[in-house]
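Next comes upload27.cif, with mmCIF, C-alpha atoms.
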```
data_final
loop_
_atom_site.label_atom_id
_atom_site.label_comp_id
_atom_site.auth_asym_id
_atom_site.auth_seq_id
_atom_site.Cartn_x
_atom_site.Cartn_y
_atom_site.Cartn_z
CA MET I 1 -80.84 -43.74 157.36
CA SER I 2 -83.30 -45.04 154.83
CA GLU I 3 -82.98 -48.62 153.60
CA GLU I 4 -82.22 -47.76 150.00
CA GLN I 5 -79.76 -45.00 149.18
CA GLU I 6 -81.14 -42.28 146.94
CA ASN I 7 -79.15 -40.91 144.02
CA MET I 8 -78.67 -37.44 142.65
CA THR I 9 -76.98 -36.74 139.34
CA ILE I 10 -76.02 -33.30 138.08
CA ILE I 11 -74.90 -32.63 134.54
CA ALA I 12 -72.47 -29.75 135.05
CA PHE I 13 -72.57 -28.24 131.57
CA SER I 14 -71.78 -24.64 132.44
CA GLY I 15 -68.39 -23.51 133.66
CA ASP I 16 -69.87 -20.23 134.91
CA LEU I 17 -69.05 -19.22 138.45
CA ASP I 18 -72.66 -18.48 139.36
CA LYS I 19 -73.72 -21.92 138.15
CA LEU I 20 -70.88 -23.77 139.83
CA TRP I 21 -72.20 -22.48 143.15
CA PRO I 22 -75.60 -24.22 143.05
CA THR I 23 -73.93 -27.34 141.63
CA MET I 24 -71.55 -27.52 144.58
CA ILE I 25 -74.12 -26.44 147.20
CA LEU I 26 -76.65 -29.06 146.08
CA SER I 27 -73.99 -31.77 145.74
CA SER I 28 -72.54 -31.25 149.20
CA THR I 29 -75.97 -30.96 150.80
CA ALA I 30 -77.25 -34.10 149.06
CA ALA I 31 -74.16 -35.99 150.19
CA ALA I 32 -74.72 -34.69 153.74
CA THR I 33 -78.25 -36.04 153.51
CA GLY I 34 -76.98 -39.50 152.72
CA MET I 35 -77.52 -39.45 148.98
CA ASN I 36 -75.10 -40.94 146.49
CA VAL I 37 -74.11 -37.96 144.35
CA THR I 38 -72.56 -37.89 140.90
CA VAL I 39 -71.57 -34.79 138.95
CA PHE I 40 -70.91 -35.32 135.26
CA PHE I 41 -68.76 -32.45 133.94
CA THR I 42 -69.21 -31.82 130.26
CA PHE I 43 -68.53 -29.08 127.69
CA TRP I 44 -67.73 -25.78 129.44
CA GLY I 45 -68.24 -27.50 132.76
CA LEU I 46 -64.95 -29.30 132.26
CA PHE I 47 -62.75 -26.20 132.46
CA PRO I 48 -63.17 -25.67 136.24
CA LEU I 49 -61.62 -29.13 136.68
CA VAL I 50 -58.47 -28.11 134.80
CA LYS I 51 -55.63 -27.26 137.17
CA GLU I 52 -55.12 -23.53 137.53
CA ASP I 53 -51.40 -23.71 136.74
CA VAL I 54 -52.14 -25.29 133.37
CA ARG I 55 -51.87 -22.26 131.16
CA ILE I 56 -53.58 -23.58 128.11
CA THR I 57 -55.18 -26.81 127.00
CA GLY I 58 -55.97 -27.92 123.49
CA LYS I 59 -54.49 -29.92 120.68
CA ASP I 60 -54.61 -27.39 117.83
CA ALA I 61 -55.14 -23.70 117.14
CA MET I 62 -58.91 -23.78 117.53
CA THR I 63 -59.08 -25.82 120.71
CA LYS I 64 -56.28 -23.68 122.15
CA MET I 65 -58.33 -20.60 121.30
CA LEU I 66 -61.39 -22.06 123.00
CA ALA I 67 -59.25 -22.81 126.04
CA GLY I 68 -57.99 -19.23 125.94
CA MET I 69 -61.57 -18.03 126.25
CA ASN I 70 -62.19 -20.41 129.15
CA ALA I 71 -59.55 -19.83 131.80
CA PRO I 72 -58.78 -23.00 133.77
CA GLY I 73 -59.90 -23.85 137.25
CA PHE I 74 -62.56 -22.40 139.51
CA GLN I 75 -60.56 -19.17 139.64
CA GLY I 76 -60.99 -18.84 135.89
CA ALA I 77 -64.78 -19.19 136.04
CA LYS I 78 -66.70 -16.14 134.86
CA LEU I 79 -70.13 -14.85 135.77
CA SER I 80 -72.89 -15.88 133.34
CA LYS I 81 -74.04 -12.27 133.19
CA MET I 82 -72.36 -8.92 133.85
CA ASN I 83 -68.89 -10.44 134.01
CA MET I 84 -67.53 -7.14 132.70
CA GLY I 85 -64.05 -8.38 131.93
CA GLY I 86 -63.70 -10.07 135.30
CA MET I 87 -65.00 -7.21 137.42
CA GLY I 88 -68.35 -8.94 137.92
CA ARG I 89 -66.60 -12.12 138.96
CA ARG I 90 -64.45 -10.31 141.50
CA MET I 91 -67.47 -8.47 142.87
CA MET I 92 -69.45 -11.71 143.17
CA ARG I 93 -66.62 -13.39 145.04
CA LYS I 94 -66.39 -10.40 147.40
CA VAL I 95 -70.15 -10.41 148.00
CA ALA I 96 -70.02 -14.15 148.68
CA LYS I 97 -67.19 -13.74 151.17
CA LYS I 98 -69.07 -10.98 152.96
CA GLY I 99 -72.17 -13.17 153.07
CA ASN I 100 -70.18 -16.09 154.49
CA LEU I 101 -70.80 -18.15 151.37
CA MET I 102 -67.97 -20.58 150.83
CA PRO I 103 -66.28 -20.32 147.42
CA PRO I 104 -67.14 -23.12 144.97
CA GLU I 105 -63.60 -24.53 144.92
CA GLU I 106 -63.77 -25.09 148.69
CA LEU I 107 -67.21 -26.66 148.37
CA PHE I 108 -65.75 -28.88 145.65
CA ASP I 109 -63.08 -30.11 148.09
CA ILE I 110 -65.77 -30.75 150.73
CA CYS I 111 -67.81 -32.66 148.13
CA GLN I 112 -64.81 -34.83 147.32
CA ASP I 113 -64.21 -35.50 151.02
CA MET I 114 -67.85 -36.56 151.30
CA GLY I 115 -67.47 -39.00 148.44
CA VAL I 116 -69.27 -37.14 145.67
CA ASN I 117 -68.37 -38.75 142.34
CA MET I 118 -66.79 -36.26 139.97
CA TRP I 119 -66.96 -37.66 136.46
CA PRO I 120 -65.27 -35.86 133.58
CA CYS I 121 -66.79 -36.30 130.14
CA GLN I 122 -64.42 -38.31 127.96
CA MET I 123 -65.84 -36.92 124.73
CA THR I 124 -65.30 -33.29 125.79
CA MET I 125 -61.76 -34.09 126.93
CA ASP I 126 -61.01 -35.59 123.52
CA LEU I 127 -62.80 -32.84 121.63
CA LEU I 128 -61.09 -29.98 123.44
CA GLY I 129 -57.78 -31.72 123.90
CA ILE I 130 -57.77 -31.75 127.70
CA ALA I 131 -55.37 -34.37 129.02
CA PRO I 132 -56.08 -36.28 132.28
CA GLU I 133 -52.84 -34.98 133.82
CA GLN I 134 -54.01 -31.40 133.24
CA MET I 135 -56.98 -31.98 135.52
CA ARG I 136 -57.49 -31.98 139.28
CA PRO I 137 -56.61 -35.18 141.13
CA ASN I 138 -59.10 -37.70 142.51
CA LEU I 139 -61.66 -37.36 139.77
CA GLY I 140 -63.58 -40.36 138.54
CA VAL I 141 -62.58 -42.23 135.40
CA PRO I 142 -63.74 -40.23 132.35
CA VAL I 143 -67.05 -41.56 131.09
CA GLY I 144 -69.56 -40.96 128.32
CA ALA I 145 -73.22 -40.10 127.88
CA ALA I 146 -74.46 -43.68 128.33
CA THR I 147 -72.80 -43.98 131.73
CA ALA I 148 -74.21 -40.63 132.80
CA LEU I 149 -77.69 -41.64 131.61
CA GLN I 150 -77.47 -44.96 133.40
CA MET I 151 -76.84 -43.09 136.64
CA MET I 152 -79.59 -40.55 135.89
CA SER I 153 -82.15 -43.31 135.31
CA LYS I 154 -81.45 -44.52 138.85
CA SER I 155 -81.56 -41.01 140.30
CA GLN I 156 -84.45 -39.47 142.19
CA VAL I 157 -82.94 -36.07 141.41
CA SER I 158 -81.33 -35.26 138.06
CA LEU I 159 -80.29 -31.74 137.13
CA PHE I 160 -78.68 -30.00 134.20
CA ILE I 161 -76.82 -26.91 135.35
CA MET B 1 -81.77 -29.71 177.86
CA GLU B 2 -78.58 -31.71 178.14
CA PHE B 3 -76.63 -32.61 175.07
CA ASP B 4 -73.60 -34.66 174.04
CA VAL B 5 -72.31 -32.70 171.07
CA GLU B 6 -72.40 -28.99 170.31
CA VAL B 7 -72.25 -27.56 166.80
CA ASP B 8 -71.71 -23.86 166.16
CA ALA B 9 -72.81 -22.93 162.65
CA LYS B 10 -73.37 -19.28 163.41
CA ASN B 11 -72.36 -16.75 160.75
CA GLN B 12 -72.15 -19.47 158.15
CA SER B 13 -74.25 -19.49 155.05
CA CYS B 14 -76.01 -22.31 153.23
CA PRO B 15 -74.93 -25.09 152.83
CA MET B 16 -72.55 -25.02 155.82
CA PRO B 17 -75.07 -25.47 158.69
CA VAL B 18 -76.31 -28.70 157.12
CA LEU B 19 -72.79 -29.89 156.25
CA LEU B 20 -71.53 -29.22 159.79
CA THR B 21 -74.58 -30.95 161.25
CA ALA B 22 -74.08 -34.01 159.05
CA LYS B 23 -70.38 -34.16 159.87
CA ALA B 24 -71.02 -33.99 163.61
CA ALA B 25 -73.84 -36.54 163.40
CA LYS B 26 -71.56 -38.99 161.67
CA ALA B 27 -69.30 -39.12 164.71
CA MET B 28 -72.20 -39.51 167.17
CA GLU B 29 -73.72 -42.67 168.58
CA ALA B 30 -77.41 -43.53 168.34
CA GLY B 31 -79.43 -41.84 171.07
CA GLN B 32 -76.99 -38.99 171.59
CA ILE B 33 -78.22 -35.41 171.43
CA MET B 34 -76.70 -32.62 169.35
CA TYR B 35 -77.17 -28.98 170.16
CA LEU B 36 -76.87 -26.79 167.09
CA GLU B 37 -76.83 -23.03 166.71
CA ALA B 38 -77.16 -21.29 163.34
CA THR B 39 -77.88 -17.80 162.11
CA ASP B 40 -78.57 -18.54 158.43
CA GLY B 41 -82.31 -18.06 157.94
CA GLY B 42 -82.42 -21.00 155.55
CA ALA B 43 -81.48 -23.29 158.42
CA ARG B 44 -84.98 -22.74 159.85
CA SER B 45 -86.33 -25.13 157.25
CA ASP B 46 -83.09 -26.81 156.12
CA ILE B 47 -82.25 -28.43 159.44
CA PRO B 48 -85.73 -29.98 159.89
CA ALA B 49 -85.55 -31.13 156.23
CA TRP B 50 -82.16 -32.73 156.81
CA VAL B 51 -83.40 -34.39 160.01
CA THR B 52 -86.40 -35.89 158.18
CA GLN B 53 -84.35 -36.98 155.16
CA THR B 54 -81.79 -38.74 157.32
CA GLY B 55 -84.28 -40.33 159.71
CA ASN B 56 -83.02 -38.54 162.80
CA GLU B 57 -85.23 -36.74 165.33
CA LEU B 58 -85.71 -33.05 165.94
CA VAL B 59 -86.32 -32.93 169.67
CA GLU B 60 -86.72 -29.20 170.03
CA SER B 61 -86.15 -26.01 168.10
CA SER B 62 -86.32 -22.38 169.10
CA GLU B 63 -85.17 -18.94 168.05
CA ASP B 64 -83.47 -16.39 170.23
CA GLY B 65 -82.35 -13.01 168.94
CA GLY B 66 -81.59 -14.22 165.44
CA VAL B 67 -79.96 -17.42 166.61
CA LEU B 68 -81.71 -20.63 165.62
CA LYS B 69 -81.32 -23.41 168.14
CA PHE B 70 -81.92 -27.07 167.48
CA TYR B 71 -81.73 -30.22 169.56
CA ILE B 72 -81.33 -33.28 167.39
CA ARG B 73 -81.33 -36.89 168.51
CA LYS B 74 -79.32 -39.27 166.40
CA LYS B 75 -81.23 -42.41 165.50
#
```
Render the structure in this file as structure tokens.
Amino acid sequence: MSEEQENMTIIAFSGDLDKLWPTMILSSTAAATGMNVTVFFTFWGLFPLVKEDVRITGKDAMTKMLAGMNAPGFQGAKLSKMNMGGMGRRMMRKVAKKGNLMPPEELFDICQDMGVNMWPCQMTMDLLGIAPEQMRPNLGVPVGAATALQMMSKSQVSLFI
Amino acid sequence: MEFDVEVDAKNQSCPMPVLLTAKAAKAMEAGQIMYLEATDGGARSDIPAWVTQTGNELVESSEDGGVLKFYIRKK
């Protein structure tokens, strides 16, 4: 092990299935390499962290509508292109299974076991009306842009996905 | 070559070979040897990269009928 631990920070902006994969693959691999990893989930990136049994989040008609367009949890994540009403997503998951690629929700669990920091964005939670109890357990305390930037300034690797 | 720990990462895609290697290495003592088998082509460069990044030692690597074989010494 090197003397000083390296840091990697990912801004998980997209909630798309095909973008969650690289986020989770890079996070778990960086953690396996001894790096201190932080993923800051913001905007659409927050929806995969919402529990799948939470039917709808939001505090008013518009935020509820936005939530309706962004199904909760990793299972709700769509493909960024050719989603075709969910057919693309199902095909992608099938292809991944056939290719022995672990689904992103399982990689997320592995990341958590390896100590990857999962930070929800407080501002997005407030904006979209997502309550802490509607989200997965064992996440970090919700933080803001300054905290994310502080971590990024110490990071050898910073990504926006 | 003799080894202390065996890791089978065959038929597993990126990032699993590296994750399984790291997990096994965590439980090993310094000086012990791990024998790792993988079939994911990415492991050909990923395992040496992981070894370098973590300051361990790649003692030997070879390829046999699509199976990548690595001997890693934990430092």
Nearest candidate to chain B (options I:Met24, I:Ala148, I:Met82, I:Met69; using only C-alpha atoms):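 Ranked by minimum distance to chain B, first place goes to I:Met24.
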Interface, chain I side, toward chain B (9 Å; only C-alpha atoms) as a list in words: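 Taken together, these residues fit the definition: Met1, Ser2, Ile25, Leu26, Ser28, Thr29, Ala31, Ala32, Thr33, Gly34, Gly99, Asn100, Leu101, Met102 and Ile110 of chain I.
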Closest of B:Val5, B:Ala38, B:Glu29, B:Lys74 to B:Ser61 - atom-to-atom distances counting all atoms listed in the file: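 Nearest to B:Ser61: B:Ala38.
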Separation of atom CA of I:Val39 from atom CA of I:Met118 in Å: 5.1 Å
Given the PyMOL selection byres ((chain I and resi 63) around 12), the residues it picks as a PyMOL selection string: chain I and resi 56-62+64-70+124-130
Among the residues I:Glu52, I:Trp44, I:Thr38, I:Ala30, the one that comes closest to I:Thr147 [using only C-alpha atoms]: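 Checking each of I:Glu52, I:Trp44, I:Thr38, I:Ala30 against I:Thr147, counting only C-alpha atoms, the winner is I:Thr38.
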Distance of atom CA of I:Ala12 from atom CA of I:Leu46, expressed in Å to one decimal place: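 Taking atom CA of I:Leu46 and atom CA of I:Ala12, their separation equals 8.0 Å.
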Explicit residue set for the PyMOL selection byres ((chain B and resi 2) around 10), as a list in words: Met1, Phe3, Asp4, Val5, Gln32, Ile33, Met34, Tyr35 and Tyr71 of chain B
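Straight-line separation from atom CA of I:Phe108 to atom CA of I:Asp16: 14.4 Å.
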Spatial neighbours of I:Lys81, max dist 12 Å, only C-alpha atoms, sep filter under 4 positions, as a ChimeraX atom specification: /I:16-19,77,85-89,92
Nearest candidate to B:Glu63 (options B:Ala24, B:Glu37, B:Ala30, B:Gly42; using all atoms listed in the file):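 Closest residue, counting all atoms listed in the file: B:Glu37.
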Who sits within 8 Å of B:Val59, only C-alpha atoms, same chain under 4 positions skipped, as a ChimeraX atom specification: /B:70-73
